Each structure stands twice: as C-alpha cells, then as structure tokens.
Amino acid sequence: RCVLEKAPHHFVWFAEAPGSPVPFVVSETVIQTTLPIDAVLWSIYSPEERLKWDKSPFVAHEILHPGGVQSRAFRDFLYSRVTIAPGISDRDLVQERFLTRLPDQSGYAILMSSCSDEIAASLGRPDS
C-alpha cells in the first residue's frame, strides 16, 4: 500500500513478500534532468560522490566488498552508519546492493537489502 505520494515523482510503499511476516519499504523517485544519466546515477550510487551532497543521515558510508555482476545486475556490499534522531543511537547497516537497468531501458534501479548476520560478519561489520 502506498503510504506517501508527492505527485508526480515520489512514492513510498509498505509491502510484504508472500509467506513473510516482515514488511519492507519500497521507494521510488523519478528524476527528470537534462544532465547525463550516467553522471546523475554515479552521484547517487558512489558513496564518495553521495557524501558530497547528502551528508545529513550518514556518519559513515562505504563499500565493503566491490562485488560483481550477478543475474544482469551489478552487486556489491555497503556499510552505513546513520543518525536516526537526537537521543537515539546511530544505526549500523550492512546492505547488499544491486544496480540494474529497468526492463524498458528507460533508466536504472538501485535495490538494497539488509544482509544476514553471517554475511555482515564475513565482511567485518556487525549489523545492529
């Protein structure tokens, strides 16, 4: 179900996978720009570039494992430490990230998912 819509280009949904009691969040932002798509994508995808313009939630944001291509998507692993709110401890996140081209070739999608405790430990970072 859509819980936030800022027409015409921003959406947030809560969703559930079949058979899983754990909901997850999906967001979509359509970026309309005259800049080259590769430059815009890199400014979002690269931790170093992203920290140049989006420092607010991040205490740390780095690639743990550069990964490679898997099932037509580029896959890597990220560590982020984010500030939630004053009085609440920062949150450590270890995430698996996929970059893929949309089926209609009109753009790209970045898909992120928390790693298992075992994968996080094998990458040298706890997920809290």
# chains A, B, ... in the order shown; residues from 1 in each chain; ligands from 1
>>> select_by_dssp(residues="chain A", states="alpha helix (DSSP H)", output="ChimeraX atom specification")
/A:37-45,47-53,117-122
>>> residues_around(residues="segment 59-64 of chain A", least_positions_apart="2", cutoff="7 Å", atoms="only C-alpha atoms", output="PyMOL selection string")
chain A and resi 47+57+66+77-83+123
>>> residues_around(residues="Ser116 of chain A", least_positions_apart="2", cutoff="9 Å", atoms="only C-alpha atoms", output="JSON, numbers by chain")
{"A": [94, 95, 114, 118, 119, 120, 121, 127]}
>>> write_last_selection(atoms="all heavy atoms", output="mmCIF file, in the first residue's frame")
data_model
loop_
_atom_site.group_PDB
_atom_site.id
_atom_site.type_symbol
_atom_site.label_atom_id
_atom_site.label_comp_id
_atom_site.auth_asym_id
_atom_site.auth_seq_id
_atom_site.Cartn_x
_atom_site.Cartn_y
_atom_site.Cartn_z
ATOM 1 N N VAL A 94 24.537 -3.002 7.284
ATOM 2 C CA VAL A 94 25.316 -3.700 6.270
ATOM 3 C C VAL A 94 24.302 -4.164 5.236
ATOM 4 O O VAL A 94 23.369 -4.904 5.558
ATOM 5 C CB VAL A 94 26.098 -4.892 6.861
ATOM 6 C CG1 VAL A 94 26.873 -5.604 5.764
ATOM 7 C CG2 VAL A 94 27.043 -4.418 7.967
ATOM 8 N N GLN A 95 24.470 -3.670 4.010
ATOM 9 C CA GLN A 95 23.460 -3.928 2.987
ATOM 10 C C GLN A 95 24.077 -4.484 1.708
ATOM 11 O O GLN A 95 25.186 -4.110 1.325
ATOM 12 C CB GLN A 95 22.706 -2.645 2.661
ATOM 13 C CG GLN A 95 21.914 -2.119 3.841
ATOM 14 C CD GLN A 95 21.121 -0.897 3.497
ATOM 15 O OE1 GLN A 95 21.658 0.070 2.990
ATOM 16 N NE2 GLN A 95 19.829 -0.939 3.778
ATOM 17 N N SER A 114 19.067 -5.596 3.633
ATOM 18 C CA SER A 114 19.967 -5.912 4.749
ATOM 19 C C SER A 114 20.547 -7.304 4.566
ATOM 20 O O SER A 114 19.874 -8.207 4.079
ATOM 21 C CB SER A 114 19.221 -5.841 6.071
ATOM 22 O OG SER A 114 18.849 -4.516 6.342
ATOM 23 N N GLU A 118 25.480 -13.507 9.222
ATOM 24 C CA GLU A 118 26.662 -14.254 8.772
ATOM 25 C C GLU A 118 27.424 -13.487 7.689
ATOM 26 O O GLU A 118 28.646 -13.411 7.725
ATOM 27 C CB GLU A 118 26.259 -15.644 8.251
ATOM 28 C CG GLU A 118 25.690 -16.576 9.307
ATOM 29 C CD GLU A 118 24.223 -16.303 9.644
ATOM 30 O OE1 GLU A 118 23.520 -15.626 8.863
ATOM 31 O OE2 GLU A 118 23.779 -16.747 10.716
ATOM 32 N N ILE A 119 26.702 -12.933 6.725
ATOM 33 C CA ILE A 119 27.368 -12.167 5.665
ATOM 34 C C ILE A 119 28.004 -10.912 6.239
ATOM 35 O O ILE A 119 29.137 -10.576 5.922
ATOM 36 C CB ILE A 119 26.392 -11.828 4.522
ATOM 37 C CG1 ILE A 119 26.013 -13.101 3.760
ATOM 38 C CG2 ILE A 119 26.991 -10.799 3.576
ATOM 39 C CD1 ILE A 119 24.960 -12.900 2.699
ATOM 40 N N ALA A 120 27.283 -10.199 7.103
ATOM 41 C CA ALA A 120 27.830 -8.996 7.725
ATOM 42 C C ALA A 120 29.113 -9.317 8.482
ATOM 43 O O ALA A 120 30.110 -8.600 8.369
ATOM 44 C CB ALA A 120 26.805 -8.362 8.654
ATOM 45 N N ALA A 121 29.108 -10.409 9.240
ATOM 46 C CA ALA A 121 30.301 -10.805 9.994
ATOM 47 C C ALA A 121 31.452 -11.157 9.047
ATOM 48 O O ALA A 121 32.607 -10.801 9.301
ATOM 49 C CB ALA A 121 29.990 -11.975 10.916
ATOM 50 N N ASP A 127 25.874 -5.875 11.958
ATOM 51 C CA ASP A 127 24.658 -5.169 11.593
ATOM 52 C C ASP A 127 23.849 -5.006 12.878
ATOM 53 O O ASP A 127 23.548 -5.978 13.550
ATOM 54 C CB ASP A 127 23.863 -5.986 10.572
ATOM 55 C CG ASP A 127 22.782 -5.179 9.876
ATOM 56 O OD1 ASP A 127 22.784 -3.941 9.999
ATOM 57 O OD2 ASP A 127 21.941 -5.803 9.220
#
>>> closest_residue(among="A:Asp90, A:Ala39, A:Asp76, A:Phe11", to="Ser27 of chain A", atoms="only C-alpha atoms")
A:Phe11
>>> atom_distance(atom1="atom CA of Thr100 of chain A", atom2="atom CA of Gly68 of chain A")
12.0 Å
>>> atom_distance(atom1="atom CA of Ala73 of chain A", atom2="atom CA of Tyr108 of chain A")
10.2 Å
>>> atom_distance(atom1="atom CA of Ile31 of chain A", atom2="atom CA of Ile110 of chain A")
13.3 Å
>>> residues_around(residues="Pro23 of chain A", least_positions_apart="4", cutoff="10 Å", atoms="only C-alpha atoms", output="list in words")
Trp13, Phe14, Ala15, Glu16 and Ala17 of chain A
>>> residues_around(residues="Ile37 of chain A", least_positions_apart="5", cutoff="12 Å", atoms="only C-alpha atoms", output="JSON list (two decimals) with all heavy atoms, in the first residue's frame")
[["chain", "number", "residue", "atom", "x", "y", "z"],
["A", 30, "VAL", "N", 11.38, 9.51, -9.46],
["A", 30, "VAL", "CA", 11.68, 9.69, -10.87],
["A", 30, "VAL", "C", 12.42, 11.01, -10.99],
["A", 30, "VAL", "O", 11.90, 12.06, -10.58],
["A", 30, "VAL", "CB", 10.40, 9.69, -11.72],
["A", 30, "VAL", "CG1", 10.73, 9.95, -13.18],
["A", 30, "VAL", "CG2", 9.66, 8.37, -11.54],
["A", 31, "ILE", "N", 13.63, 10.95, -11.51],
["A", 31, "ILE", "CA", 14.46, 12.15, -11.65],
["A", 31, "ILE", "C", 14.40, 12.60, -13.10],
["A", 31, "ILE", "O", 14.78, 11.84, -14.00],
["A", 31, "ILE", "CB", 15.91, 11.87, -11.23],
["A", 31, "ILE", "CG1", 15.96, 11.42, -9.77],
["A", 31, "ILE", "CG2", 16.79, 13.10, -11.46],
["A", 31, "ILE", "CD1", 17.31, 10.90, -9.32],
["A", 32, "GLN", "N", 13.94, 13.80, -13.32],
["A", 32, "GLN", "CA", 13.92, 14.37, -14.66],
["A", 32, "GLN", "C", 15.00, 15.43, -14.72],
["A", 32, "GLN", "O", 14.96, 16.40, -13.95],
["A", 32, "GLN", "CB", 12.55, 14.95, -14.97],
["A", 32, "GLN", "CG", 11.48, 13.88, -15.00],
["A", 32, "GLN", "CD", 10.11, 14.45, -15.34],
["A", 32, "GLN", "OE1", 9.79, 15.57, -14.99],
["A", 32, "GLN", "NE2", 9.31, 13.64, -16.00],
["A", 42, "TRP", "N", 25.81, 8.10, -10.97],
["A", 42, "TRP", "CA", 27.05, 7.99, -10.20],
["A", 42, "TRP", "C", 27.01, 8.85, -8.95],
["A", 42, "TRP", "O", 27.51, 8.45, -7.90],
["A", 42, "TRP", "CB", 28.26, 8.34, -11.06],
["A", 42, "TRP", "CG", 29.55, 8.04, -10.39],
["A", 42, "TRP", "CD1", 30.50, 8.93, -9.97],
["A", 42, "TRP", "CD2", 30.04, 6.74, -10.00],
["A", 42, "TRP", "NE1", 31.54, 8.27, -9.37],
["A", 42, "TRP", "CE2", 31.28, 6.93, -9.37],
["A", 42, "TRP", "CE3", 29.54, 5.45, -10.12],
["A", 42, "TRP", "CZ2", 32.04, 5.88, -8.87],
["A", 42, "TRP", "CZ3", 30.30, 4.40, -9.62],
["A", 42, "TRP", "CH2", 31.53, 4.62, -9.01],
["A", 43, "SER", "N", 26.38, 10.02, -9.02],
["A", 43, "SER", "CA", 26.30, 10.89, -7.84],
["A", 43, "SER", "C", 25.45, 10.27, -6.73],
["A", 43, "SER", "O", 25.64, 10.57, -5.56],
["A", 43, "SER", "CB", 25.76, 12.27, -8.21],
["A", 43, "SER", "OG", 24.38, 12.22, -8.44],
["A", 44, "ILE", "N", 24.53, 9.38, -7.09],
["A", 44, "ILE", "CA", 23.71, 8.67, -6.11],
["A", 44, "ILE", "C", 24.38, 7.38, -5.67],
["A", 44, "ILE", "O", 24.40, 7.05, -4.49],
["A", 44, "ILE", "CB", 22.32, 8.36, -6.70],
["A", 44, "ILE", "CG1", 21.57, 9.66, -7.00],
["A", 44, "ILE", "CG2", 21.50, 7.47, -5.77],
["A", 44, "ILE", "CD1", 20.34, 9.47, -7.87],
["A", 45, "TYR", "N", 24.98, 6.66, -6.60],
["A", 45, "TYR", "CA", 25.48, 5.31, -6.35],
["A", 45, "TYR", "C", 26.84, 5.28, -5.64],
["A", 45, "TYR", "O", 27.08, 4.45, -4.78],
["A", 45, "TYR", "CB", 25.59, 4.57, -7.69],
["A", 45, "TYR", "CG", 25.78, 3.10, -7.55],
["A", 45, "TYR", "CD1", 24.72, 2.27, -7.23],
["A", 45, "TYR", "CD2", 27.03, 2.52, -7.73],
["A", 45, "TYR", "CE1", 24.88, 0.91, -7.09],
["A", 45, "TYR", "CE2", 27.21, 1.16, -7.59],
["A", 45, "TYR", "CZ", 26.14, 0.36, -7.28],
["A", 45, "TYR", "OH", 26.31, -0.98, -7.13],
["A", 101, "ARG", "N", 19.45, -2.12, -14.84],
["A", 101, "ARG", "CA", 18.73, -1.30, -15.81],
["A", 101, "ARG", "C", 17.26, -1.72, -15.80],
["A", 101, "ARG", "O", 16.95, -2.90, -15.67],
["A", 101, "ARG", "CB", 19.33, -1.51, -17.19],
["A", 101, "ARG", "CG", 18.88, -0.49, -18.19],
["A", 101, "ARG", "CD", 20.02, -0.24, -19.19],
["A", 101, "ARG", "NE", 19.64, 0.70, -20.22],
["A", 101, "ARG", "CZ", 19.86, 2.00, -20.13],
["A", 101, "ARG", "NH1", 20.47, 2.51, -19.10],
["A", 101, "ARG", "NH2", 19.50, 2.80, -21.10],
["A", 105, "GLN", "N", 14.47, -0.14, -20.44],
["A", 105, "GLN", "CA", 15.70, 0.59, -20.76],
["A", 105, "GLN", "C", 15.59, 2.10, -20.54],
["A", 105, "GLN", "O", 16.42, 2.86, -21.02],
["A", 105, "GLN", "CB", 16.15, 0.30, -22.21],
["A", 105, "GLN", "CG", 16.31, -1.16, -22.55],
["A", 105, "GLN", "CD", 17.44, -1.82, -21.77],
["A", 105, "GLN", "OE1", 18.57, -1.36, -21.81],
["A", 105, "GLN", "NE2", 17.14, -2.89, -21.05],
["A", 106, "SER", "N", 14.58, 2.55, -19.79],
["A", 106, "SER", "CA", 14.37, 3.99, -19.60],
["A", 106, "SER", "C", 15.18, 4.57, -18.44],
["A", 106, "SER", "O", 15.19, 5.78, -18.25],
["A", 106, "SER", "CB", 12.88, 4.26, -19.35],
["A", 106, "SER", "OG", 12.47, 3.64, -18.13],
["A", 107, "GLY", "N", 15.82, 3.73, -17.67],
["A", 107, "GLY", "CA", 16.59, 4.22, -16.53],
["A", 107, "GLY", "C", 17.15, 3.06, -15.74],
["A", 107, "GLY", "O", 17.29, 1.95, -16.26],
["A", 108, "TYR", "N", 17.45, 3.32, -14.47],
["A", 108, "TYR", "CA", 18.07, 2.33, -13.60],
["A", 108, "TYR", "C", 17.31, 2.21, -12.29],
["A", 108, "TYR", "O", 16.59, 3.12, -11.90],
["A", 108, "TYR", "CB", 19.52, 2.74, -13.28],
["A", 108, "TYR", "CG", 20.41, 2.74, -14.48],
["A", 108, "TYR", "CD1", 20.53, 3.85, -15.30],
["A", 108, "TYR", "CD2", 21.15, 1.60, -14.80],
["A", 108, "TYR", "CE1", 21.35, 3.84, -16.41],
["A", 108, "TYR", "CE2", 21.97, 1.59, -15.91],
["A", 108, "TYR", "CZ", 22.08, 2.72, -16.70],
["A", 108, "TYR", "OH", 22.89, 2.70, -17.80]]
>>> decode(residues="segment 96-107 of chain A", atoms="all heavy atoms", output="PDB file, in the first residue's frame")
ATOM      1  N   GLU A  96      23.312  -5.356   1.095  1.00  0.00           N
ATOM      2  CA  GLU A  96      23.627  -5.867  -0.222  1.00  0.00           C
ATOM      3  C   GLU A  96      22.906  -4.940  -1.203  1.00  0.00           C
ATOM      4  O   GLU A  96      21.741  -4.616  -1.012  1.00  0.00           O
ATOM      5  CB  GLU A  96      23.108  -7.295  -0.333  1.00  0.00           C
ATOM      6  CG  GLU A  96      23.438  -7.996  -1.589  1.00  0.00           C
ATOM      7  CD  GLU A  96      22.998  -9.456  -1.545  1.00  0.00           C
ATOM      8  OE1 GLU A  96      22.097  -9.814  -0.734  1.00  0.00           O
ATOM      9  OE2 GLU A  96      23.536 -10.224  -2.321  1.00  0.00           O
ATOM     10  N   ARG A  97      23.626  -4.499  -2.233  1.00  0.00           N
ATOM     11  CA  ARG A  97      23.056  -3.520  -3.155  1.00  0.00           C
ATOM     12  C   ARG A  97      23.177  -4.041  -4.592  1.00  0.00           C
ATOM     13  O   ARG A  97      24.185  -4.608  -4.973  1.00  0.00           O
ATOM     14  CB  ARG A  97      23.806  -2.205  -3.002  1.00  0.00           C
ATOM     15  CG  ARG A  97      23.374  -1.105  -3.919  1.00  0.00           C
ATOM     16  CD  ARG A  97      24.075   0.184  -3.601  1.00  0.00           C
ATOM     17  NE  ARG A  97      25.497   0.124  -3.924  1.00  0.00           N
ATOM     18  CZ  ARG A  97      26.296   1.182  -3.990  1.00  0.00           C
ATOM     19  NH1 ARG A  97      25.822   2.387  -3.741  1.00  0.00           N
ATOM     20  NH2 ARG A  97      27.563   1.044  -4.280  1.00  0.00           N
ATOM     21  N   PHE A  98      22.116  -3.824  -5.352  1.00  0.00           N
ATOM     22  CA  PHE A  98      22.094  -4.226  -6.755  1.00  0.00           C
ATOM     23  C   PHE A  98      21.773  -3.008  -7.611  1.00  0.00           C
ATOM     24  O   PHE A  98      20.877  -2.237  -7.286  1.00  0.00           O
ATOM     25  CB  PHE A  98      21.021  -5.286  -7.007  1.00  0.00           C
ATOM     26  CG  PHE A  98      21.268  -6.575  -6.283  1.00  0.00           C
ATOM     27  CD1 PHE A  98      20.762  -6.772  -5.007  1.00  0.00           C
ATOM     28  CD2 PHE A  98      22.003  -7.584  -6.875  1.00  0.00           C
ATOM     29  CE1 PHE A  98      20.979  -7.958  -4.335  1.00  0.00           C
ATOM     30  CE2 PHE A  98      22.232  -8.784  -6.202  1.00  0.00           C
ATOM     31  CZ  PHE A  98      21.716  -8.960  -4.934  1.00  0.00           C
ATOM     32  N   LEU A  99      22.498  -2.862  -8.698  1.00  0.00           N
ATOM     33  CA  LEU A  99      22.232  -1.820  -9.684  1.00  0.00           C
ATOM     34  C   LEU A  99      21.821  -2.523 -10.964  1.00  0.00           C
ATOM     35  O   LEU A  99      22.551  -3.381 -11.474  1.00  0.00           O
ATOM     36  CB  LEU A  99      23.485  -0.979  -9.932  1.00  0.00           C
ATOM     37  CG  LEU A  99      23.409   0.029 -11.073  1.00  0.00           C
ATOM     38  CD1 LEU A  99      22.373   1.108 -10.786  1.00  0.00           C
ATOM     39  CD2 LEU A  99      24.781   0.646 -11.316  1.00  0.00           C
ATOM     40  N   THR A 100      20.645  -2.188 -11.473  1.00  0.00           N
ATOM     41  CA  THR A 100      20.153  -2.843 -12.679  1.00  0.00           C
ATOM     42  C   THR A 100      19.441  -1.842 -13.578  1.00  0.00           C
ATOM     43  O   THR A 100      18.907  -0.840 -13.098  1.00  0.00           O
ATOM     44  CB  THR A 100      19.223  -4.029 -12.325  1.00  0.00           C
ATOM     45  OG1 THR A 100      18.927  -4.778 -13.492  1.00  0.00           O
ATOM     46  CG2 THR A 100      17.939  -3.564 -11.674  1.00  0.00           C
ATOM     47  N   ARG A 101      19.450  -2.125 -14.839  1.00  0.00           N
ATOM     48  CA  ARG A 101      18.733  -1.301 -15.811  1.00  0.00           C
ATOM     49  C   ARG A 101      17.264  -1.721 -15.798  1.00  0.00           C
ATOM     50  O   ARG A 101      16.953  -2.899 -15.666  1.00  0.00           O
ATOM     51  CB  ARG A 101      19.327  -1.507 -17.194  1.00  0.00           C
ATOM     52  CG  ARG A 101      18.884  -0.490 -18.192  1.00  0.00           C
ATOM     53  CD  ARG A 101      20.023  -0.241 -19.195  1.00  0.00           C
ATOM     54  NE  ARG A 101      19.638   0.702 -20.215  1.00  0.00           N
ATOM     55  CZ  ARG A 101      19.859   2.003 -20.134  1.00  0.00           C
ATOM     56  NH1 ARG A 101      20.467   2.506 -19.095  1.00  0.00           N
ATOM     57  NH2 ARG A 101      19.498   2.801 -21.104  1.00  0.00           N
ATOM     58  N   LEU A 102      16.360  -0.764 -15.910  1.00  0.00           N
ATOM     59  CA  LEU A 102      14.933  -1.071 -15.959  1.00  0.00           C
ATOM     60  C   LEU A 102      14.625  -1.876 -17.224  1.00  0.00           C
ATOM     61  O   LEU A 102      15.281  -1.697 -18.253  1.00  0.00           O
ATOM     62  CB  LEU A 102      14.110   0.211 -15.929  1.00  0.00           C
ATOM     63  CG  LEU A 102      14.233   1.039 -14.645  1.00  0.00           C
ATOM     64  CD1 LEU A 102      13.474   2.348 -14.793  1.00  0.00           C
ATOM     65  CD2 LEU A 102      13.744   0.251 -13.446  1.00  0.00           C
ATOM     66  N   PRO A 103      13.630  -2.754 -17.155  1.00  0.00           N
ATOM     67  CA  PRO A 103      13.321  -3.605 -18.316  1.00  0.00           C
ATOM     68  C   PRO A 103      13.034  -2.827 -19.605  1.00  0.00           C
ATOM     69  O   PRO A 103      13.380  -3.283 -20.688  1.00  0.00           O
ATOM     70  CB  PRO A 103      12.084  -4.387 -17.864  1.00  0.00           C
ATOM     71  CG  PRO A 103      12.168  -4.395 -16.383  1.00  0.00           C
ATOM     72  CD  PRO A 103      12.803  -3.086 -16.003  1.00  0.00           C
ATOM     73  N   ASP A 104      12.440  -1.644 -19.481  1.00  0.00           N
ATOM     74  CA  ASP A 104      12.140  -0.866 -20.692  1.00  0.00           C
ATOM     75  C   ASP A 104      13.317   0.009 -21.126  1.00  0.00           C
ATOM     76  O   ASP A 104      13.188   0.818 -22.051  1.00  0.00           O
ATOM     77  CB  ASP A 104      10.888  -0.021 -20.494  1.00  0.00           C
ATOM     78  CG  ASP A 104      11.058   1.064 -19.435  1.00  0.00           C
ATOM     79  OD1 ASP A 104      12.174   1.224 -18.876  1.00  0.00           O
ATOM     80  OD2 ASP A 104      10.071   1.763 -19.162  1.00  0.00           O
ATOM     81  N   GLN A 105      14.467  -0.138 -20.443  1.00  0.00           N
ATOM     82  CA  GLN A 105      15.703   0.588 -20.765  1.00  0.00           C
ATOM     83  C   GLN A 105      15.594   2.099 -20.543  1.00  0.00           C
ATOM     84  O   GLN A 105      16.423   2.855 -21.016  1.00  0.00           O
ATOM     85  CB  GLN A 105      16.146   0.302 -22.212  1.00  0.00           C
ATOM     86  CG  GLN A 105      16.311  -1.159 -22.547  1.00  0.00           C
ATOM     87  CD  GLN A 105      17.439  -1.816 -21.774  1.00  0.00           C
ATOM     88  OE1 GLN A 105      18.573  -1.357 -21.810  1.00  0.00           O
ATOM     89  NE2 GLN A 105      17.142  -2.889 -21.047  1.00  0.00           N
ATOM     90  N   SER A 106      14.579   2.555 -19.793  1.00  0.00           N
ATOM     91  CA  SER A 106      14.365   3.989 -19.597  1.00  0.00           C
ATOM     92  C   SER A 106      15.178   4.570 -18.445  1.00  0.00           C
ATOM     93  O   SER A 106      15.186   5.776 -18.249  1.00  0.00           O
ATOM     94  CB  SER A 106      12.877   4.263 -19.348  1.00  0.00           C
ATOM     95  OG  SER A 106      12.473   3.641 -18.128  1.00  0.00           O
ATOM     96  N   GLY A 107      15.822   3.734 -17.667  1.00  0.00           N
ATOM     97  CA  GLY A 107      16.592   4.222 -16.534  1.00  0.00           C
ATOM     98  C   GLY A 107      17.147   3.064 -15.742  1.00  0.00           C
ATOM     99  O   GLY A 107      17.293   1.950 -16.259  1.00  0.00           O
TER     100      GLY A 107
END
